[in-house]
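Asker: This one is model-v6.cif, mmCIF, C-alpha atoms.
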data_start
#
loop_
_atom_site.group_PDB
_atom_site.id
_atom_site.type_symbol
_atom_site.label_atom_id
_atom_site.label_comp_id
_atom_site.auth_asym_id
_atom_site.auth_seq_id
_atom_site.Cartn_x
_atom_site.Cartn_y
_atom_site.Cartn_z
ATOM 1 C CA ASP A 739 34.125 -66.168 -89.447
ATOM 2 C CA MET A 740 32.617 -62.719 -89.891
ATOM 3 C CA ARG A 741 31.089 -61.303 -93.021
ATOM 4 C CA MET A 742 29.119 -58.262 -94.018
ATOM 5 C CA ILE A 743 25.849 -58.304 -95.963
ATOM 6 C CA SER A 744 24.328 -55.243 -97.593
ATOM 7 C CA LEU A 745 20.958 -54.256 -96.154
ATOM 8 C CA LYS A 746 19.886 -53.647 -99.750
ATOM 9 C CA ASP A 747 19.946 -57.434 -100.133
ATOM 10 C CA ALA A 748 17.062 -58.080 -97.744
ATOM 11 C CA ALA A 749 16.752 -61.726 -98.830
ATOM 12 C CA ALA A 750 20.382 -62.389 -97.849
ATOM 13 C CA VAL A 751 19.919 -60.608 -94.506
ATOM 14 C CA LYS A 752 16.808 -62.670 -93.787
ATOM 15 C CA ALA A 753 18.637 -65.882 -94.740
ATOM 16 C CA ALA A 754 21.482 -64.943 -92.365
ATOM 17 C CA ILE A 755 18.979 -64.386 -89.541
ATOM 18 C CA VAL A 756 17.453 -67.810 -90.206
ATOM 19 C CA ASP A 757 20.869 -69.501 -90.456
ATOM 20 C CA HIS A 758 22.594 -67.729 -87.554
ATOM 21 C CA GLY A 759 19.760 -66.498 -85.342
ATOM 22 C CA ALA A 760 20.718 -62.829 -85.557
ATOM 23 C CA VAL A 761 22.797 -60.180 -87.326
ATOM 24 C CA CYS A 762 24.397 -57.043 -85.915
ATOM 25 C CA THR A 763 24.093 -53.448 -87.175
ATOM 26 C CA VAL A 764 23.819 -49.847 -85.928
ATOM 27 C CA TYR A 765 21.204 -47.093 -86.125
ATOM 28 C CA ARG A 766 20.277 -43.690 -84.666
ATOM 29 C CA SER A 767 18.461 -44.086 -81.347
ATOM 30 C CA GLU A 768 16.343 -41.168 -80.109
ATOM 31 C CA GLY A 769 13.304 -41.741 -77.941
ATOM 32 C CA LYS A 770 11.181 -39.139 -79.729
ATOM 33 C CA TYR A 771 11.041 -41.375 -82.826
ATOM 34 C CA TYR A 772 9.770 -44.393 -80.897
ATOM 35 C CA SER A 773 6.046 -45.242 -80.855
ATOM 36 C CA ALA A 774 5.036 -46.977 -77.638
ATOM 37 C CA THR A 775 1.598 -47.630 -79.173
ATOM 38 C CA TYR A 776 3.041 -49.890 -81.887
ATOM 39 C CA ASN A 777 6.408 -50.647 -80.291
ATOM 40 C CA SER A 778 8.031 -49.265 -83.431
ATOM 41 C CA TYR A 779 10.789 -46.906 -84.495
ATOM 42 C CA TYR A 780 11.353 -44.857 -87.645
ATOM 43 C CA TYR A 781 13.928 -42.106 -88.157
ATOM 44 C CA SER A 782 14.295 -40.137 -91.388
ATOM 45 C CA GLY A 783 17.027 -37.670 -90.478
ATOM 46 C CA LYS A 784 20.749 -37.437 -91.146
ATOM 47 C CA GLU A 785 22.296 -37.638 -87.664
ATOM 48 C CA ASN A 786 25.092 -40.105 -86.948
ATOM 49 C CA ARG A 787 24.386 -43.610 -85.731
ATOM 50 C CA ASN A 788 24.757 -44.088 -82.010
ATOM 51 C CA HIS A 789 23.502 -47.524 -80.981
ATOM 52 C CA VAL A 790 24.329 -51.125 -81.825
ATOM 53 C CA ILE A 791 21.375 -53.470 -82.315
ATOM 54 C CA THR A 792 20.675 -57.064 -83.246
ATOM 55 C CA LEU A 793 18.169 -57.933 -85.967
ATOM 56 C CA VAL A 794 16.426 -61.198 -85.091
ATOM 57 C CA GLY A 795 13.384 -61.238 -87.406
ATOM 58 C CA TRP A 796 11.199 -59.274 -89.780
ATOM 59 C CA ASP A 797 7.626 -58.578 -90.874
ATOM 60 C CA ASP A 798 7.228 -57.479 -94.497
ATOM 61 C CA ALA A 799 3.618 -56.466 -93.817
ATOM 62 C CA PHE A 800 4.256 -54.263 -90.752
ATOM 63 C CA PRO A 801 2.141 -51.176 -91.604
ATOM 64 C CA ALA A 802 3.962 -47.976 -92.537
ATOM 65 C CA GLU A 803 1.451 -45.919 -90.539
ATOM 66 C CA ASN A 804 2.567 -47.670 -87.302
ATOM 67 C CA PHE A 805 5.648 -45.466 -87.096
ATOM 68 C CA ARG A 806 5.687 -42.252 -85.093
ATOM 69 C CA GLN A 807 7.520 -39.802 -87.368
ATOM 70 C CA GLY A 808 4.836 -39.376 -90.002
ATOM 71 C CA THR A 809 4.540 -42.431 -92.153
ATOM 72 C CA ALA A 810 7.426 -44.525 -93.400
ATOM 73 C CA PRO A 811 7.663 -44.711 -97.220
ATOM 74 C CA GLY A 812 6.480 -48.316 -97.188
ATOM 75 C CA ASN A 813 5.485 -51.337 -95.140
ATOM 76 C CA GLY A 814 7.963 -53.637 -93.452
ATOM 77 C CA ALA A 815 10.123 -53.720 -90.364
ATOM 78 C CA TRP A 816 12.995 -55.573 -88.771
ATOM 79 C CA LEU A 817 12.437 -57.147 -85.364
ATOM 80 C CA VAL A 818 15.177 -55.746 -83.118
ATOM 81 C CA ARG A 819 16.512 -57.320 -79.948
ATOM 82 C CA ASN A 820 17.786 -54.339 -78.016
ATOM 83 C CA SER A 821 20.497 -54.370 -75.372
ATOM 84 C CA CYS A 822 18.641 -51.857 -73.185
ATOM 85 C CA GLY A 823 16.526 -54.506 -71.489
ATOM 86 C CA THR A 824 12.839 -54.215 -70.794
ATOM 87 C CA ASN A 825 11.657 -50.648 -70.308
ATOM 88 C CA GLU A 826 9.275 -48.160 -71.898
ATOM 89 C CA TYR A 827 11.477 -48.069 -75.011
ATOM 90 C CA ASN A 828 11.151 -51.802 -75.599
ATOM 91 C CA HIS A 829 8.486 -54.412 -75.243
ATOM 92 C CA SER A 830 10.218 -57.286 -73.455
ATOM 93 C CA GLY A 831 13.501 -56.112 -75.016
ATOM 94 C CA TYR A 832 12.236 -56.076 -78.629
ATOM 95 C CA PHE A 833 10.851 -53.457 -81.019
ATOM 96 C CA TRP A 834 10.071 -52.981 -84.727
ATOM 97 C CA LEU A 835 12.428 -50.879 -86.860
ATOM 98 C CA SER A 836 11.258 -49.639 -90.255
ATOM 99 C CA TYR A 837 13.018 -51.022 -93.322
ATOM 100 C CA TYR A 838 13.158 -47.364 -94.423
ATOM 101 C CA ASP A 839 14.943 -45.968 -91.364
ATOM 102 C CA THR A 840 17.587 -43.630 -92.821
ATOM 103 C CA SER A 841 20.034 -44.131 -89.975
ATOM 104 C CA LEU A 842 20.495 -47.860 -90.470
ATOM 105 C CA ALA A 843 24.018 -48.836 -91.466
ATOM 106 C CA ALA A 844 24.487 -49.920 -95.076
ATOM 107 C CA SER A 845 25.259 -53.473 -93.992
ATOM 108 C CA VAL A 846 24.853 -56.010 -91.233
ATOM 109 C CA ASN A 847 27.517 -58.221 -89.705
ATOM 110 C CA VAL A 848 27.095 -61.957 -89.468
ATOM 111 C CA ILE A 849 29.293 -63.803 -87.031
ATOM 112 C CA ASP A 850 29.625 -67.544 -87.372
ATOM 113 C CA VAL A 851 31.100 -68.849 -84.142
ATOM 114 C CA GLN A 852 31.697 -72.563 -83.930
ATOM 115 C CA PRO A 853 32.549 -73.157 -80.253
ATOM 116 C CA TRP A 854 32.475 -76.926 -80.593
ATOM 117 C CA ARG A 855 35.799 -76.751 -82.445
ATOM 118 C CA TYR A 856 37.635 -75.665 -79.285
ATOM 119 C CA ASP A 857 37.763 -76.580 -75.610
ATOM 120 C CA HIS A 858 37.146 -72.949 -74.583
ATOM 121 C CA CYS A 859 35.937 -69.843 -76.385
ATOM 122 C CA TYR A 860 36.805 -66.411 -75.070
ATOM 123 C CA SER A 861 35.195 -63.298 -76.454
ATOM 124 C CA TYR A 862 34.970 -59.611 -75.808
ATOM 125 C CA ASP A 863 32.250 -57.291 -77.082
ATOM 126 C CA SER A 864 32.608 -58.471 -80.653
ATOM 127 C CA ILE A 865 32.332 -55.933 -83.501
ATOM 128 C CA PRO A 866 30.342 -52.898 -82.231
ATOM 129 C CA SER A 867 32.998 -50.565 -80.831
ATOM 130 C CA THR A 868 34.931 -50.442 -84.109
ATOM 131 C CA TRP A 869 32.214 -48.281 -85.677
ATOM 132 C CA PHE A 870 33.065 -45.485 -83.307
ATOM 133 C CA TRP A 871 36.848 -45.462 -83.592
ATOM 134 C CA LYS A 872 38.320 -43.146 -86.196
ATOM 135 C CA ALA A 873 42.074 -42.739 -86.476
ATOM 136 C CA ALA A 874 43.181 -40.738 -89.530
ATOM 137 C CA GLY A 875 46.963 -40.672 -89.740
ATOM 138 C CA VAL A 876 47.322 -41.835 -86.155
ATOM 139 C CA GLU A 877 48.264 -45.266 -84.898
ATOM 140 C CA ALA A 878 45.380 -46.712 -82.919
ATOM 141 C CA VAL A 879 46.011 -49.553 -80.510
ATOM 142 C CA ALA A 880 43.440 -51.779 -78.883
ATOM 143 C CA ARG A 881 44.386 -54.458 -76.395
ATOM 144 C CA GLN A 882 42.429 -57.391 -75.090
ATOM 145 C CA ILE A 883 43.862 -59.655 -72.431
ATOM 146 C CA TYR A 884 42.512 -63.126 -71.690
ATOM 147 C CA GLN A 885 43.503 -65.314 -68.781
ATOM 148 C CA VAL A 886 43.731 -68.871 -70.068
ATOM 149 C CA ASP A 887 44.086 -72.095 -68.116
ATOM 150 C CA GLY A 888 47.608 -73.423 -67.536
ATOM 151 C CA GLY A 889 48.896 -75.398 -70.486
ATOM 152 C CA GLU A 890 46.143 -74.098 -72.755
ATOM 153 C CA GLU A 891 47.160 -72.904 -76.207
ATOM 154 C CA ILE A 892 45.302 -70.281 -78.249
ATOM 155 C CA GLN A 893 44.377 -71.998 -81.506
ATOM 156 C CA ALA A 894 42.397 -69.265 -83.270
ATOM 157 C CA ILE A 895 41.714 -65.562 -83.023
ATOM 158 C CA GLY A 896 39.337 -63.331 -84.929
ATOM 159 C CA TYR A 897 38.817 -59.604 -85.083
ATOM 160 C CA TYR A 898 37.135 -57.037 -87.275
ATOM 161 C CA SER A 899 38.328 -53.648 -88.442
ATOM 162 C CA GLU A 900 37.035 -51.188 -91.032
ATOM 163 C CA MET A 901 40.588 -49.923 -91.596
ATOM 164 C CA ASN A 902 43.111 -51.472 -93.963
ATOM 165 C CA SER A 903 46.734 -52.152 -92.999
ATOM 166 C CA ASN A 904 46.127 -53.344 -89.466
ATOM 167 C CA SER A 905 47.692 -56.216 -87.599
ATOM 168 C CA VAL A 906 47.240 -58.537 -84.641
ATOM 169 C CA SER A 907 49.998 -59.722 -82.362
ATOM 170 C CA LEU A 908 49.900 -62.376 -79.680
ATOM 171 C CA SER A 909 52.138 -62.209 -76.673
#
Just give me the structure of the file as structure tokens.

Answerer:
Amino acid sequence: DMRMISLKDAAAVKAAIVDHGAVCTVYRSEGKYYSATYNSYYYSGKENRNHVITLVGWDDAFPAENFRQGTAPGNGAWLVRNSCGTNEYNHSGYFWLSYYDTSLAASVNVIDVQPWRYDHCYSYDSIPSTWFWKAAGVEAVARQIYQVDGGEEIQAIGYYSEMNSNSVSLS
């Protein structure tokens, strides 16, 4: 089960984080907008998004002046669990992202996986790559192959696409 929640509905995003542990979105990542002093990030430009992140918490009182690019328009930040590991652009793999970052996607994705329903769960890099695929007037094909145990039957499959009129086939 996958659903999208508008970032304008901060209460719903926060509830999804509490209920599911995390939500997925994208933003513009450029080191020059990161503040190592406050482990924070704020971007106010118009460049395209280029990095998938996971929101795992928030602080409504995180001070606007703790962001590097001037001052954000208001207090508050999402706690981000980054996939880049622990380096100078993360404190133990986490950083604060301003609520007012202009590069944040308009929505977050919530994935409700219930592995206890099945004997095995196979997955591959869930949602993120679909944000970067654009195919206007061209058939786009993506293939994922899973090796399953002998006698095992696939009982469910899920995928996400921002395009209408797409299909899934099993073979």

Asker: Using only C-alpha atoms, which protein or nucleic acid residues come within 12 Å of Val751 (chain A)? Drop anything in the same chain fewer than 3 positions from it, and give the result as a PyMOL selection string.

Answerer: chain A and resi 741-748+754-763+792-796+816+837+844-848

Asker: Tell me which residues the PyMOL selection byres ((chain A and resi 773) around 10) grabs here, as a count of residues only.

Answerer: 20

Asker: Of the candidates A:Ser830, A:Ser836, A:Asn820, A:Thr809, which shows the shortest atom-to-atom distance to Asp797 (chain A), using all atoms listed in the file?

Answerer: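 The answer is A:Ser836, which sits nearest to Asp797 (chain A).
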
Asker: For Leu817 (chain A), which residue among A:Val886, A:Tyr781, A:Glu803, A:Lys752 is the nearest when counting all atoms listed in the file?

Answerer: A:Lys752

Asker: Between CA of Arg819 (chain A) and CA of Val764 (chain A), what is the distance, to one decimal in Å?

Answerer: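 Distance between the two atoms: 12.0 Å.
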
Asker: Please report, as AutoDock Vina command-line options, the centre and edge lengths in Å to one decimal of an axis-aligned box covering all listed atoms of region 831-843 of chain A with 4 Å per side.

Answerer:
--center_x 17.0 --center_y -49.9 --center_z -84.7 --size_x 21.9 --size_y 20.5 --size_z 27.4

Asker: List the spatial neighbours of Gly812 (chain A) as a PyMOL selection string - criterion: any atom at most 7 Å away, all atoms listed in the file, same-chain residues fewer than 2 positions off excluded.

Answerer: chain A and resi 802+810+814

Asker: To one decimal in Å, tell me the separation between CA of Ser767 (chain A) and CA of Asp850 (chain A).

Answerer: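 Between CA of Ser767 (chain A) and CA of Asp850 (chain A) the gap is 26.7 Å.
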